[in-house]
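Structure file my_file-v6.txt (compact mmCIF, C-alpha atoms (C1' of nucleotides)) follows.
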# COMPACT_ATOMS: atom_id res chain seq x y z
CA MET A 12 152.94 37.38 67.09
CA ARG A 13 149.22 37.16 66.33
CA ARG A 14 147.90 36.99 69.88
CA ASP A 15 144.30 36.93 71.01
CA ILE A 16 142.61 37.21 74.40
CA PHE A 17 142.10 33.46 74.74
CA GLN A 18 145.77 32.78 74.25
CA ALA A 19 146.53 35.63 76.64
CA ILE A 20 144.47 34.19 79.51
CA ALA A 21 145.78 30.67 78.91
CA ASP A 22 148.83 31.38 81.06
CA PRO A 23 148.26 31.25 84.85
CA THR A 24 150.76 34.06 85.56
CA ARG A 25 148.92 36.35 83.15
CA ARG A 26 145.58 35.49 84.76
CA ALA A 27 147.10 36.36 88.14
CA ILE A 28 148.40 39.67 86.76
CA LEU A 29 144.95 40.54 85.44
CA LEU A 30 143.43 39.81 88.84
CA LEU A 31 146.05 41.91 90.62
CA ILE A 32 145.57 44.97 88.44
CA ALA A 33 141.80 44.57 88.33
CA SER A 34 141.36 46.57 91.52
CA GLN A 35 144.21 49.04 91.02
CA ALA A 36 146.89 49.89 88.47
CA MET A 37 150.39 48.57 89.20
CA THR A 38 153.95 48.95 87.89
CA PRO A 39 155.89 45.97 86.45
CA ASN A 40 158.25 46.08 89.44
CA ALA A 41 155.42 45.95 91.94
CA LEU A 42 153.79 43.11 90.00
CA ALA A 43 157.03 41.10 89.79
CA GLU A 44 157.20 40.97 93.59
CA HIS A 45 154.12 38.75 93.56
CA PHE A 46 155.76 36.08 91.42
CA ASP A 47 158.75 33.77 91.50
CA THR A 48 159.83 34.85 88.03
CA SER A 49 162.11 37.70 87.01
CA ARG A 50 160.92 41.25 86.36
CA GLN A 51 161.68 40.76 82.66
CA ALA A 52 159.44 37.71 82.48
CA VAL A 53 156.59 39.74 83.99
CA SER A 54 157.39 42.49 81.51
CA LYS A 55 157.00 40.00 78.68
CA HIS A 56 153.62 38.91 80.01
CA LEU A 57 152.54 42.54 80.22
CA ARG A 58 153.61 43.07 76.62
CA ILE A 59 151.41 40.17 75.52
CA LEU A 60 148.48 41.48 77.55
CA ALA A 61 149.00 44.95 76.06
CA GLU A 62 149.25 43.54 72.52
CA CYS A 63 145.72 42.18 72.73
CA GLN A 64 144.58 45.28 74.63
CA LEU A 65 143.65 43.53 77.84
CA VAL A 66 145.68 46.15 79.71
CA LYS A 67 146.53 49.80 79.10
CA GLN A 68 149.60 51.71 80.25
CA LYS A 69 149.84 55.04 82.00
CA GLN A 70 153.28 56.65 82.17
CA SER A 71 154.10 58.56 85.33
CA GLY A 72 157.70 59.76 85.25
CA ARG A 73 159.86 56.70 84.77
CA GLU A 74 157.18 54.41 86.15
CA ILE A 75 154.52 52.80 83.99
CA TYR A 76 151.23 51.84 85.59
CA TYR A 77 149.36 48.94 84.04
CA GLN A 78 145.61 48.92 84.28
CA LEU A 79 142.95 46.40 83.31
CA GLU A 80 140.97 47.16 80.15
CA VAL A 81 137.52 46.15 81.34
CA SER A 82 135.85 46.39 77.93
CA LYS A 83 138.24 43.80 76.48
CA MET A 84 137.53 41.40 79.33
CA LYS A 85 133.88 41.55 78.37
CA GLN A 86 134.82 40.06 75.00
CA ILE A 87 135.38 36.75 76.78
CA ASP A 88 131.95 37.12 78.31
CA LEU A 89 130.57 37.69 74.81
CA TRP A 90 132.07 34.42 73.63
CA LEU A 91 130.45 32.58 76.53
CA GLU A 92 127.17 34.25 75.61
CA GLN A 93 127.03 32.13 72.42
CA PHE A 94 126.90 29.03 74.54
CA ARG A 95 124.35 30.43 76.93
CA LYS A 96 122.04 31.07 73.98
CA ILE A 97 122.44 27.49 72.77
CA TRP A 98 121.69 26.14 76.22
CA GLU A 99 118.60 28.31 76.49
CA ASN A 100 117.39 27.08 73.10
CA ARG A 101 117.99 23.53 74.18
CA PHE A 102 115.82 24.09 77.23
CA ASN A 103 113.18 25.81 75.11
CA GLU A 104 113.09 22.80 72.81
CA LEU A 105 112.71 20.59 75.84
CA ASP A 106 109.84 22.82 76.95
CA ASN A 107 108.20 22.36 73.55
CA VAL A 108 108.50 18.61 73.80
CA LEU A 109 106.94 18.69 77.23
CA LEU A 110 104.15 20.98 76.00
CA THR A 111 103.44 18.66 73.07
CA LEU A 112 103.23 15.69 75.39
CA LYS A 113 100.91 17.67 77.66
CA ASN A 114 98.60 18.61 74.77
CA LYS A 115 98.47 15.04 73.50
CA LYS A 116 97.17 13.99 76.88
CA LYS A 117 94.04 16.11 76.45
CA MET B 28 150.09 16.92 80.33
CA ARG B 29 148.53 19.02 83.07
CA ARG B 30 145.87 20.78 81.02
CA ASP B 31 143.27 23.24 82.23
CA ILE B 32 140.19 24.77 80.61
CA PHE B 33 141.94 28.05 79.81
CA GLN B 34 144.67 26.29 77.90
CA ALA B 35 141.99 24.18 76.21
CA ILE B 36 140.03 27.14 74.86
CA ALA B 37 143.21 28.98 73.81
CA ASP B 38 143.23 27.12 70.49
CA PRO B 39 140.80 28.43 67.82
CA THR B 40 140.11 24.93 66.43
CA ARG B 41 139.14 23.69 69.88
CA ARG B 42 136.85 26.68 70.39
CA ALA B 43 135.21 25.89 67.03
CA ILE B 44 134.78 22.26 68.08
CA LEU B 45 133.10 23.30 71.32
CA LEU B 46 130.72 25.53 69.39
CA LEU B 47 129.89 22.76 66.90
CA ILE B 48 129.08 20.18 69.56
CA ALA B 49 127.27 22.68 71.75
CA SER B 50 123.98 22.14 69.97
CA GLN B 51 124.40 18.43 69.21
CA ALA B 52 126.85 15.60 69.82
CA MET B 53 129.18 14.75 66.93
CA THR B 54 131.70 12.06 65.94
CA PRO B 55 135.39 12.88 65.29
CA ASN B 56 134.91 12.12 61.59
CA ALA B 57 131.94 14.46 61.26
CA LEU B 58 133.87 17.16 63.13
CA ALA B 59 136.97 16.78 60.97
CA GLU B 60 134.96 17.64 57.85
CA HIS B 61 134.59 21.17 59.20
CA PHE B 62 138.34 21.79 59.36
CA ASP B 63 141.33 21.84 57.06
CA THR B 64 143.33 19.58 59.36
CA SER B 65 143.46 15.79 59.43
CA ARG B 66 141.05 13.62 61.38
CA GLN B 67 143.91 12.67 63.70
CA ALA B 68 144.57 16.28 64.53
CA VAL B 69 140.91 16.74 65.47
CA SER B 70 141.15 13.56 67.53
CA LYS B 71 144.06 15.08 69.43
CA HIS B 72 142.04 18.22 70.14
CA LEU B 73 139.17 16.09 71.39
CA ARG B 74 141.54 14.24 73.67
CA ILE B 75 142.67 17.52 75.20
CA LEU B 76 139.07 18.69 75.61
CA ALA B 77 138.17 15.36 77.22
CA GLU B 78 141.19 15.51 79.54
CA CYS B 79 139.94 18.68 81.15
CA GLN B 80 136.35 17.40 81.01
CA LEU B 81 135.01 20.03 78.65
CA VAL B 82 133.50 17.22 76.57
CA LYS B 83 132.17 13.75 77.34
CA GLN B 84 132.06 10.72 75.06
CA LYS B 85 129.21 8.40 74.24
CA GLN B 86 130.06 5.18 72.47
CA SER B 87 127.55 3.93 69.91
CA GLY B 88 128.88 0.89 68.11
CA ARG B 89 132.19 1.87 66.58
CA GLU B 90 131.26 5.54 66.59
CA ILE B 91 131.99 7.85 69.48
CA TYR B 92 129.80 10.88 69.96
CA TYR B 93 131.39 13.88 71.63
CA GLN B 94 129.16 16.15 73.63
CA LEU B 95 129.74 19.45 75.40
CA GLU B 96 130.03 19.32 79.18
CA VAL B 97 128.02 22.42 80.06
CA SER B 98 128.92 22.45 83.75
CA LYS B 99 132.63 22.71 82.95
CA MET B 100 132.02 25.65 80.63
CA LYS B 101 130.46 27.47 83.53
CA GLN B 102 133.83 27.32 85.28
CA ILE B 103 135.07 29.96 82.85
CA ASP B 104 132.06 32.04 83.74
CA LEU B 105 133.00 31.63 87.39
CA TRP B 106 136.46 33.03 86.71
CA LEU B 107 134.94 36.06 85.02
CA GLU B 108 132.68 36.50 88.02
CA GLN B 109 135.71 37.50 90.13
CA PHE B 110 136.25 40.48 87.86
CA ARG B 111 132.60 41.43 87.82
CA LYS B 112 132.70 41.62 91.61
CA ILE B 113 135.74 43.88 91.55
CA TRP B 114 134.11 46.18 89.01
CA GLU B 115 130.96 46.36 91.10
CA ASN B 116 132.98 47.26 94.19
CA ARG B 117 134.75 49.94 92.21
CA PHE B 118 131.42 51.46 91.28
CA ASN B 119 130.19 51.17 94.85
CA GLU B 120 133.24 53.10 96.04
CA LEU B 121 132.51 55.74 93.45
CA ASP B 122 128.97 55.87 94.77
CA ASN B 123 130.29 56.42 98.28
CA VAL B 124 132.49 59.27 97.10
CA LEU B 125 129.55 60.87 95.36
CA LEU B 126 127.37 60.41 98.45
CA THR B 127 130.04 62.00 100.67
CA LEU B 128 130.26 64.97 98.35
CA LYS B 129 126.49 65.24 98.36
CA ASN B 130 126.33 65.19 102.17
CA LYS B 131 129.06 67.80 102.46
CA LYS B 132 126.95 70.14 100.38
CA LYS B 133 124.20 70.11 103.02
C1' DT C 22 177.50 66.15 86.43
C1' DA C 23 177.55 61.34 88.07
C1' DC C 24 174.88 57.64 89.89
C1' DA C 25 170.76 54.86 90.84
C1' DT C 26 166.20 53.29 89.41
C1' DT C 27 162.60 51.71 86.21
C1' DT C 28 161.68 49.76 82.22
C1' DG C 29 161.76 47.37 77.56
C1' DC C 30 164.26 44.71 74.14
C1' DA C 31 167.33 41.15 72.08
C1' DA C 32 169.53 36.77 72.17
C1' DC C 33 169.43 32.43 73.75
C1' DC C 34 167.48 27.83 75.67
C1' DG C 35 164.73 23.76 76.95
C1' DA C 36 159.85 22.37 76.97
C1' DT C 37 155.52 22.39 74.82
C1' DT C 38 152.32 22.85 70.89
C1' DG C 39 149.80 21.56 66.85
C1' DG C 40 150.44 19.34 62.92
C1' DT C 41 151.78 15.21 60.09
C1' DT C 42 152.28 10.09 58.84
C1' DT C 43 152.08 5.37 60.12
C1' DC C 44 150.18 1.68 62.65
C1' DA C 45 146.93 -1.08 65.78
C1' DT C 46 142.34 -2.18 67.32
C1' DA C 47 137.53 -2.80 67.29
C1' DA C 48 132.98 -2.82 65.03
C1' DT C 49 130.30 -3.29 60.88
C1' DA C 50 129.35 -4.97 56.03
C1' DA C 51 130.03 -8.00 52.09
C1' DT D 19 135.82 -15.07 56.72
C1' DT D 20 137.49 -10.94 54.48
C1' DA D 21 137.18 -6.14 53.61
C1' DT D 22 135.83 -1.68 55.11
C1' DT D 23 135.08 1.89 58.44
C1' DA D 24 135.84 4.60 62.78
C1' DT D 25 138.87 5.60 66.05
C1' DG D 26 143.01 6.31 69.08
C1' DA D 27 148.07 6.02 69.91
C1' DA D 28 152.96 6.60 68.70
C1' DA D 29 156.79 8.75 66.49
C1' DC D 30 158.41 12.60 64.49
C1' DC D 31 158.96 17.78 63.24
C1' DA D 32 158.98 22.87 62.81
C1' DA D 33 157.18 26.70 65.36
C1' DT D 34 156.03 28.83 69.52
C1' DC D 35 156.23 29.56 74.62
C1' DG D 36 157.92 31.03 78.93
C1' DG D 37 161.89 31.58 81.12
C1' DT D 38 166.75 33.41 81.61
C1' DT D 39 170.79 36.91 81.19
C1' DG D 40 172.77 41.06 79.44
C1' DC D 41 172.24 45.58 77.60
C1' DA D 42 170.38 50.23 76.37
C1' DA D 43 167.40 54.18 77.15
C1' DA D 44 165.03 57.36 79.95
C1' DT D 45 163.92 59.46 84.32
C1' DG D 46 164.91 60.88 89.02
C1' DT D 47 168.36 61.95 92.73
C1' DA D 48 173.02 63.10 95.00

I need this file expressed as structure tokens, please.
Amino acid sequence: MRRDIFQAIADPTRRAILLLIASQAMTPNALAEHFDTSRQAVSKHLRILAECQLVKQKQSGREIYYQLEVSKMKQIDLWLEQFRKIWENRFNELDNVLLTLKNKKK
Amino acid sequence: MRRDIFQAIADPTRRAILLLIASQAMTPNALAEHFDTSRQAVSKHLRILAECQLVKQKQSGREIYYQLEVSKMKQIDLWLEQFRKIWENRFNELDNVLLTLKNKKK
DNA sequence: TACATTTGCAACCGATTGGTTTCATAATAA
DNA sequence: TTATTATGAAACCAATCGGTTGCAAATGTA
């Protein structure tokens, strides 16, 4: 299976599921009502999301509530952070160039 | 084809490419040296990244330099922003509950 | 107990994915 | 000119994806 968060959020249905359960936990049945696909298809998506720990399950009788795992979502943010750092450095280098030019003027 | 950024960053090779060209533009040949796959495979990845405008090309003679399109990367950040807002609201609601409890004490 | 509900799993299927090899084109070098 | 280099496109292939249907297990209700 070998799934990771980036593969998990690649599918639009899974992104929609994450958004739905972000504000409150939901059951697979309740989630399936929001999509054109079958309940089983939604169940499969939930399995993938659970595999990479983007969601956690809470059993309540025969119902299972799926909830967003916020900490895992932040892992995507962490990946983006790499790029932010590079952009900042790029701007810093630009600053240095500008400073050098400024000093040469004197 | 119908590709979007989330599908684009789902592949680990493509994420590595983005990271490599984040600091400086690179040619397909130079990029391919960093991977175990063929140059053509890297070329295919670049095509996908270009299709969803995550990279832009700069021709220089017979070489083509691929460069990261920063603005497009921020679109991923924008998607994450939705979740940040929901989390903030959740905390605000918790604040309200705590405030209500506090006021009831008086 | 008998029945309905909620859920996950397995088997299957067509479409897509990421890789390969081969070929064509354009720019540079000899 | 001729050869070399850099690149993209096309054809093909095994593996994976996202969907379906059917079934089994567990819980709740009559």

**Study point:** Spatial neighbours of range 112-115 of chain B, 12 Å, only C-alpha atoms (C1' of nucleotides), chain gap at least 2 places, as a PyMOL selection string
**Key:** (chain A and resi 29-35+79-82+84-85) or (chain B and resi 105-110+117-122)

Once you count only C-alpha atoms (C1' of nucleotides), what closest atom pair and distance in Å to one decimal does each residue of chain C within 8 Å of chain A have, with rows by chain and rising residue number, as CSV?
residue,atom,partner,partner_atom,distance
C:DT27,C1',A:Arg73,CA,5.9
C:DT28,C1',A:Glu74,CA,7.6
C:DG29,C1',A:Ser54,CA,7.6

Could the residues in this selection be saved with C-alpha atoms (C1' of nucleotides) as a JSON list (two decimals), in the frame of the given file?
[["chain", "number", "residue", "atom", "x", "y", "z"],
["C", 27, "DT", "C1'", 162.60, 51.71, 86.21],
["C", 28, "DT", "C1'", 161.68, 49.76, 82.22],
["C", 29, "DG", "C1'", 161.76, 47.37, 77.56]]

Exercise for review: Tell me, as a PyMOL selection string, which residues lie within 12 Å of DT43 in chain C, counting all atoms listed in the file; anything in the same chain fewer than 3 positions away does not count.
Suggested key: (chain B and resi 67) or (chain D and resi 27-30)

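Between C1' of DC33 in chain C and CA of Arg14 in chain A lies a distance of 22.3 Å.
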
Review point. C1' of DA48 in chain C and C1' of DT20 in chain D, how far apart in Å?
Key: 14.1 Å

Mind rebuilding range 46-75 of chain A with N, CA and C atoms and writing that out as a PDB file, in the coordinates of the input?
ATOM      1  N   PHE A  46     155.474  37.334  92.110  1.00  0.00           N
ATOM      2  CA  PHE A  46     155.760  36.080  91.420  1.00  0.00           C
ATOM      3  C   PHE A  46     157.195  35.615  91.640  1.00  0.00           C
ATOM      4  N   ASP A  47     157.420  34.353  91.343  1.00  0.00           N
ATOM      5  CA  ASP A  47     158.750  33.770  91.500  1.00  0.00           C
ATOM      6  C   ASP A  47     159.649  34.088  90.296  1.00  0.00           C
ATOM      7  N   THR A  48     159.055  34.593  89.240  1.00  0.00           N
ATOM      8  CA  THR A  48     159.830  34.850  88.030  1.00  0.00           C
ATOM      9  C   THR A  48     160.521  36.209  88.084  1.00  0.00           C
ATOM     10  N   SER A  49     161.370  36.435  87.090  1.00  0.00           N
ATOM     11  CA  SER A  49     162.110  37.700  87.010  1.00  0.00           C
ATOM     12  C   SER A  49     161.194  38.842  86.572  1.00  0.00           C
ATOM     13  N   ARG A  50     161.664  40.075  86.795  1.00  0.00           N
ATOM     14  CA  ARG A  50     160.920  41.250  86.360  1.00  0.00           C
ATOM     15  C   ARG A  50     160.719  41.232  84.844  1.00  0.00           C
ATOM     16  N   GLN A  51     161.757  40.786  84.128  1.00  0.00           N
ATOM     17  CA  GLN A  51     161.680  40.760  82.660  1.00  0.00           C
ATOM     18  C   GLN A  51     160.608  39.802  82.155  1.00  0.00           C
ATOM     19  N   ALA A  52     160.467  38.684  82.871  1.00  0.00           N
ATOM     20  CA  ALA A  52     159.440  37.710  82.480  1.00  0.00           C
ATOM     21  C   ALA A  52     158.050  38.344  82.637  1.00  0.00           C
ATOM     22  N   VAL A  53     157.860  39.048  83.764  1.00  0.00           N
ATOM     23  CA  VAL A  53     156.590  39.740  83.990  1.00  0.00           C
ATOM     24  C   VAL A  53     156.371  40.786  82.902  1.00  0.00           C
ATOM     25  N   SER A  54     157.437  41.471  82.546  1.00  0.00           N
ATOM     26  CA  SER A  54     157.390  42.490  81.510  1.00  0.00           C
ATOM     27  C   SER A  54     156.917  41.892  80.179  1.00  0.00           C
ATOM     28  N   LYS A  55     157.406  40.700  79.906  1.00  0.00           N
ATOM     29  CA  LYS A  55     157.000  40.000  78.680  1.00  0.00           C
ATOM     30  C   LYS A  55     155.516  39.672  78.700  1.00  0.00           C
ATOM     31  N   HIS A  56     155.054  39.218  79.868  1.00  0.00           N
ATOM     32  CA  HIS A  56     153.620  38.910  80.010  1.00  0.00           C
ATOM     33  C   HIS A  56     152.799  40.176  79.786  1.00  0.00           C
ATOM     34  N   LEU A  57     153.268  41.276  80.358  1.00  0.00           N
ATOM     35  CA  LEU A  57     152.540  42.540  80.220  1.00  0.00           C
ATOM     36  C   LEU A  57     152.485  42.973  78.750  1.00  0.00           C
ATOM     37  N   ARG A  58     153.565  42.713  78.048  1.00  0.00           N
ATOM     38  CA  ARG A  58     153.610  43.070  76.620  1.00  0.00           C
ATOM     39  C   ARG A  58     152.541  42.304  75.844  1.00  0.00           C
ATOM     40  N   ILE A  59     152.422  41.012  76.171  1.00  0.00           N
ATOM     41  CA  ILE A  59     151.410  40.170  75.520  1.00  0.00           C
ATOM     42  C   ILE A  59     150.005  40.656  75.852  1.00  0.00           C
ATOM     43  N   LEU A  60     149.796  40.985  77.138  1.00  0.00           N
ATOM     44  CA  LEU A  60     148.480  41.480  77.550  1.00  0.00           C
ATOM     45  C   LEU A  60     148.165  42.812  76.882  1.00  0.00           C
ATOM     46  N   ALA A  61     149.195  43.645  76.704  1.00  0.00           N
ATOM     47  CA  ALA A  61     149.000  44.950  76.060  1.00  0.00           C
ATOM     48  C   ALA A  61     148.737  44.780  74.566  1.00  0.00           C
ATOM     49  N   GLU A  62     149.408  43.798  73.957  1.00  0.00           N
ATOM     50  CA  GLU A  62     149.250  43.540  72.520  1.00  0.00           C
ATOM     51  C   GLU A  62     147.800  43.242  72.159  1.00  0.00           C
ATOM     52  N   CYS A  63     147.123  42.482  73.019  1.00  0.00           N
ATOM     53  CA  CYS A  63     145.720  42.180  72.730  1.00  0.00           C
ATOM     54  C   CYS A  63     144.789  43.087  73.526  1.00  0.00           C
ATOM     55  N   GLN A  64     145.352  44.192  73.990  1.00  0.00           N
ATOM     56  CA  GLN A  64     144.580  45.280  74.630  1.00  0.00           C
ATOM     57  C   GLN A  64     143.776  44.870  75.853  1.00  0.00           C
ATOM     58  N   LEU A  65     144.299  43.894  76.583  1.00  0.00           N
ATOM     59  CA  LEU A  65     143.650  43.530  77.840  1.00  0.00           C
ATOM     60  C   LEU A  65     144.083  44.465  78.961  1.00  0.00           C
ATOM     61  N   VAL A  66     145.219  45.148  78.745  1.00  0.00           N
ATOM     62  CA  VAL A  66     145.680  46.150  79.710  1.00  0.00           C
ATOM     63  C   VAL A  66     146.081  47.424  78.963  1.00  0.00           C
ATOM     64  N   LYS A  67     146.032  48.550  79.685  1.00  0.00           N
ATOM     65  CA  LYS A  67     146.530  49.800  79.100  1.00  0.00           C
ATOM     66  C   LYS A  67     147.568  50.389  80.045  1.00  0.00           C
ATOM     67  N   GLN A  68     148.485  51.170  79.475  1.00  0.00           N
ATOM     68  CA  GLN A  68     149.600  51.710  80.250  1.00  0.00           C
ATOM     69  C   GLN A  68     149.414  53.203  80.485  1.00  0.00           C
ATOM     70  N   LYS A  69     149.873  53.618  81.664  1.00  0.00           N
ATOM     71  CA  LYS A  69     149.840  55.040  82.000  1.00  0.00           C
ATOM     72  C   LYS A  69     151.208  55.438  82.521  1.00  0.00           C
ATOM     73  N   GLN A  70     151.926  56.234  81.763  1.00  0.00           N
ATOM     74  CA  GLN A  70     153.280  56.650  82.170  1.00  0.00           C
ATOM     75  C   GLN A  70     153.167  57.704  83.267  1.00  0.00           C
ATOM     76  N   SER A  71     154.040  57.557  84.255  1.00  0.00           N
ATOM     77  CA  SER A  71     154.100  58.560  85.330  1.00  0.00           C
ATOM     78  C   SER A  71     155.572  58.674  85.703  1.00  0.00           C
ATOM     79  N   GLY A  72     156.255  59.623  85.064  1.00  0.00           N
ATOM     80  CA  GLY A  72     157.700  59.760  85.250  1.00  0.00           C
ATOM     81  C   GLY A  72     158.380  58.572  84.613  1.00  0.00           C
ATOM     82  N   ARG A  73     159.222  57.880  85.366  1.00  0.00           N
ATOM     83  CA  ARG A  73     159.860  56.700  84.770  1.00  0.00           C
ATOM     84  C   ARG A  73     159.080  55.431  85.075  1.00  0.00           C
ATOM     85  N   GLU A  74     158.019  55.572  85.855  1.00  0.00           N
ATOM     86  CA  GLU A  74     157.180  54.410  86.150  1.00  0.00           C
ATOM     87  C   GLU A  74     156.034  54.285  85.142  1.00  0.00           C
ATOM     88  N   ILE A  75     155.649  53.043  84.879  1.00  0.00           N
ATOM     89  CA  ILE A  75     154.520  52.800  83.990  1.00  0.00           C
ATOM     90  C   ILE A  75     153.480  51.987  84.744  1.00  0.00           C
TER      91      ILE A  75
END
